[in-house]
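Single-structure report; data block below.
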Amino acid sequence: MLFVGLGNPGAEHAGQRHNIGFMAVDEIVRRHGFSSQRARFQGQTFEGRLADKKILMLKPMTYMNRSGQSVGEAMRYYKLEPRELIVFYDEIDFAPGKMKVKTGGGAAGHNGIRSLISHIGADFRRVRIGVGHPGNKDDVHRHVLSDFSKSEAVWRDPLIDAIAEEAPLLAAGEDARFMTAVALRLAPAKAKKKSTESSGAKT
């Protein structure tokens with residue numbers, strides 16, 4: 001099984017919204033004790049196990065709009081079907097912190113997903129991680145290639161942690177349970193934030 005995080009290589013891109021797929025994969029690798037990084041398939045790879053399944057983690061180093069080259073190479077080498085691929089990436093059509101899993105569909109303007117579809121077809125599983133929309137389509141490019149603000153870490157970090165913790169459910173094919181488990185992990189944090197805001201309003 002292949003887990004892929006989409007993003008752009010280089011320190012200058014590390015903190016950008018477009019790189020939240022890289023962030024998710026990095027945390028899964030760290031939390032579940034995957035092997036050290038190897039340069040393969042035009043990317044960075046890590047090997048490990050989730051839900052008793054062997055998993056290859058891949059971060060394409062081809063830049064976003066050529067991600068399909070890297071992913072296609074890995075899939076051909078291991079003779080994988082699209083259903084054995086899970087891709088983590090930024091979704092501007094979702095509010096910040098919202099996350100959903102789906103299988104198949106179009107690219108919806110995402111260059112990384114468009115590249116994947118052109119190389120392997122559309123029938124792969126996708127973990128769409130909301131980063132919000134700037135409000136004007138002309139600002140989308142600047143928005144996704146801008147760093148997360150410090151205030152956005154309040155929702156980003158707990159979401160990445162929850163995705164990483166519950167990743168074995170994805171490996172087991174339990175997409176609905178994965179989404180529920182992530183939501184439940186985030187619910188206490190949301191409740192605490194609401195409680196803090198409420199108490200602050202009374203002073």
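Identifiers in the structure tokens: chain A, B, ... in order shown; residue index from 1 per chain; ligand index from 1 in order shown.
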
Spatial neighbours of His119 in chain A, max dist 9 Å, only C-alpha atoms, sep filter under 2 positions, as a list in words: Gly68, Gln69, Val71, Gly72, Arg114, Ser115, Leu116, Ile117 and Gly121 of chain A

Separation of CA of Lys137 in chain A from CA of Asn19 in chain A in Å: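 We find that CA of Asn19 in chain A and CA of Lys137 in chain A lie 19.3 Å from each other.
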
Would you pick out the contacts of His13 in chain A at 12 Å or less, using only C-alpha atoms, so that residues sharing its chain but fewer than 5 positions from it are not included, and give the list as an NGL selection string? :A and (6-8 or 18-20 or 22-23 or 61 or 63-64 or 144-148)

Generate the output file for the selected residues, N, CA and C atoms, as a compact mmCIF listing (two decimals), in the first residue's frame.
```txt
# COMPACT_ATOMS: atom_id res chain seq x y z
N LEU A 6 1.37 15.26 -0.70
CA LEU A 6 1.72 16.20 -1.76
C LEU A 6 2.26 17.50 -1.19
N GLY A 7 3.23 18.07 -1.89
CA GLY A 7 3.82 19.33 -1.47
C GLY A 7 4.93 19.72 -2.43
N ASN A 8 5.65 20.75 -2.08
CA ASN A 8 6.80 21.21 -2.86
C ASN A 8 8.07 21.05 -2.04
N HIS A 18 0.14 24.69 0.92
CA HIS A 18 0.22 23.68 -0.14
C HIS A 18 0.98 22.44 0.32
N ASN A 19 1.72 22.56 1.42
CA ASN A 19 2.56 21.45 1.90
C ASN A 19 1.95 20.68 3.06
N ILE A 20 0.67 20.87 3.31
CA ILE A 20 0.08 20.17 4.46
C ILE A 20 0.07 18.65 4.24
N PHE A 22 2.62 16.97 2.92
CA PHE A 22 3.93 16.59 3.44
C PHE A 22 3.90 16.51 4.97
N MET A 23 3.26 17.50 5.59
CA MET A 23 3.21 17.56 7.05
C MET A 23 2.51 16.34 7.63
N MET A 61 9.44 14.63 -4.86
CA MET A 61 10.32 15.79 -4.89
C MET A 61 10.33 16.44 -6.28
N TYR A 63 8.14 18.64 -7.43
CA TYR A 63 7.24 19.80 -7.38
C TYR A 63 5.83 19.36 -7.68
N MET A 64 4.90 20.11 -7.14
CA MET A 64 3.50 19.71 -7.09
C MET A 64 2.94 19.30 -8.45
N VAL A 144 -2.22 29.51 -1.27
CA VAL A 144 -1.68 28.17 -1.00
C VAL A 144 -0.16 28.17 -0.90
N LEU A 145 0.49 29.16 -1.51
CA LEU A 145 1.95 29.24 -1.45
C LEU A 145 2.43 30.21 -0.36
N SER A 146 1.52 30.53 0.57
CA SER A 146 1.88 31.33 1.73
C SER A 146 1.99 30.43 2.95
N ASP A 147 2.83 30.83 3.89
CA ASP A 147 2.99 30.06 5.13
C ASP A 147 1.74 30.14 5.98
N PHE A 148 1.47 29.06 6.72
CA PHE A 148 0.45 29.11 7.75
C PHE A 148 0.83 30.20 8.76
```

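Shortest atom-to-atom contact with Gly173 in chain A among A:Ile160, A:Leu58, A:Val140, A:Val101: A:Val101, counting only C-alpha atoms.
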
I need the residue nearest Gly48 in chain A from this list: A:His141, A:Ala171, A:Ile113, A:Ala183. Use only C-alpha atoms for the distance.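 Checking each of A:His141, A:Ala171, A:Ile113, A:Ala183 against Gly48 in chain A, counting only C-alpha atoms, the winner is A:Ala171.
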
Enumerate the residues of range 8-194 of chain A with a DSSP assignment of strand (DSSP E), computed from the backbone, and present them as JSON, numbers by chain. {"A": [38, 39, 40, 43, 44, 45, 46, 47, 48, 49, 50, 53, 54, 55, 56, 57, 58, 59, 60, 85, 86, 87, 88, 89, 90, 91, 99, 100, 101, 102, 103, 125, 126, 127, 128, 129, 130]}

Quick one: residues within 10 Å of range 180-182 of chain A, only C-alpha atoms counted, chain neighbours fewer than 6 positions away excluded, as a PDB file with C-alpha atoms, in the first residue's frame?
```pdb
ATOM      1  CA  MET A  99     -11.082  16.961   6.601  1.00  0.00           C
ATOM      2  CA  LYS A 100     -12.797  14.345   4.437  1.00  0.00           C
ATOM      3  CA  PRO A 158      -4.216  18.990  16.404  1.00  0.00           C
ATOM      4  CA  LEU A 159      -5.607  17.955  13.009  1.00  0.00           C
ATOM      5  CA  ILE A 160      -2.260  16.609  11.797  1.00  0.00           C
ATOM      6  CA  ASP A 161      -1.816  14.783  15.117  1.00  0.00           C
ATOM      7  CA  ALA A 162      -5.270  13.209  14.839  1.00  0.00           C
ATOM      8  CA  ILE A 163      -4.725  12.139  11.221  1.00  0.00           C
ATOM      9  CA  ALA A 164      -1.418  10.514  12.158  1.00  0.00           C
ATOM     10  CA  GLU A 165      -2.815   8.761  15.223  1.00  0.00           C
ATOM     11  CA  GLU A 166      -5.761   7.286  13.328  1.00  0.00           C
ATOM     12  CA  ALA A 167      -3.846   6.444  10.119  1.00  0.00           C
ATOM     13  CA  LEU A 169      -7.793   2.904  10.062  1.00  0.00           C
TER      14      LEU A 169
END
```

By how many Å are CA of Arg40 in chain A and CA of Lys59 in chain A apart? 9.7 Å
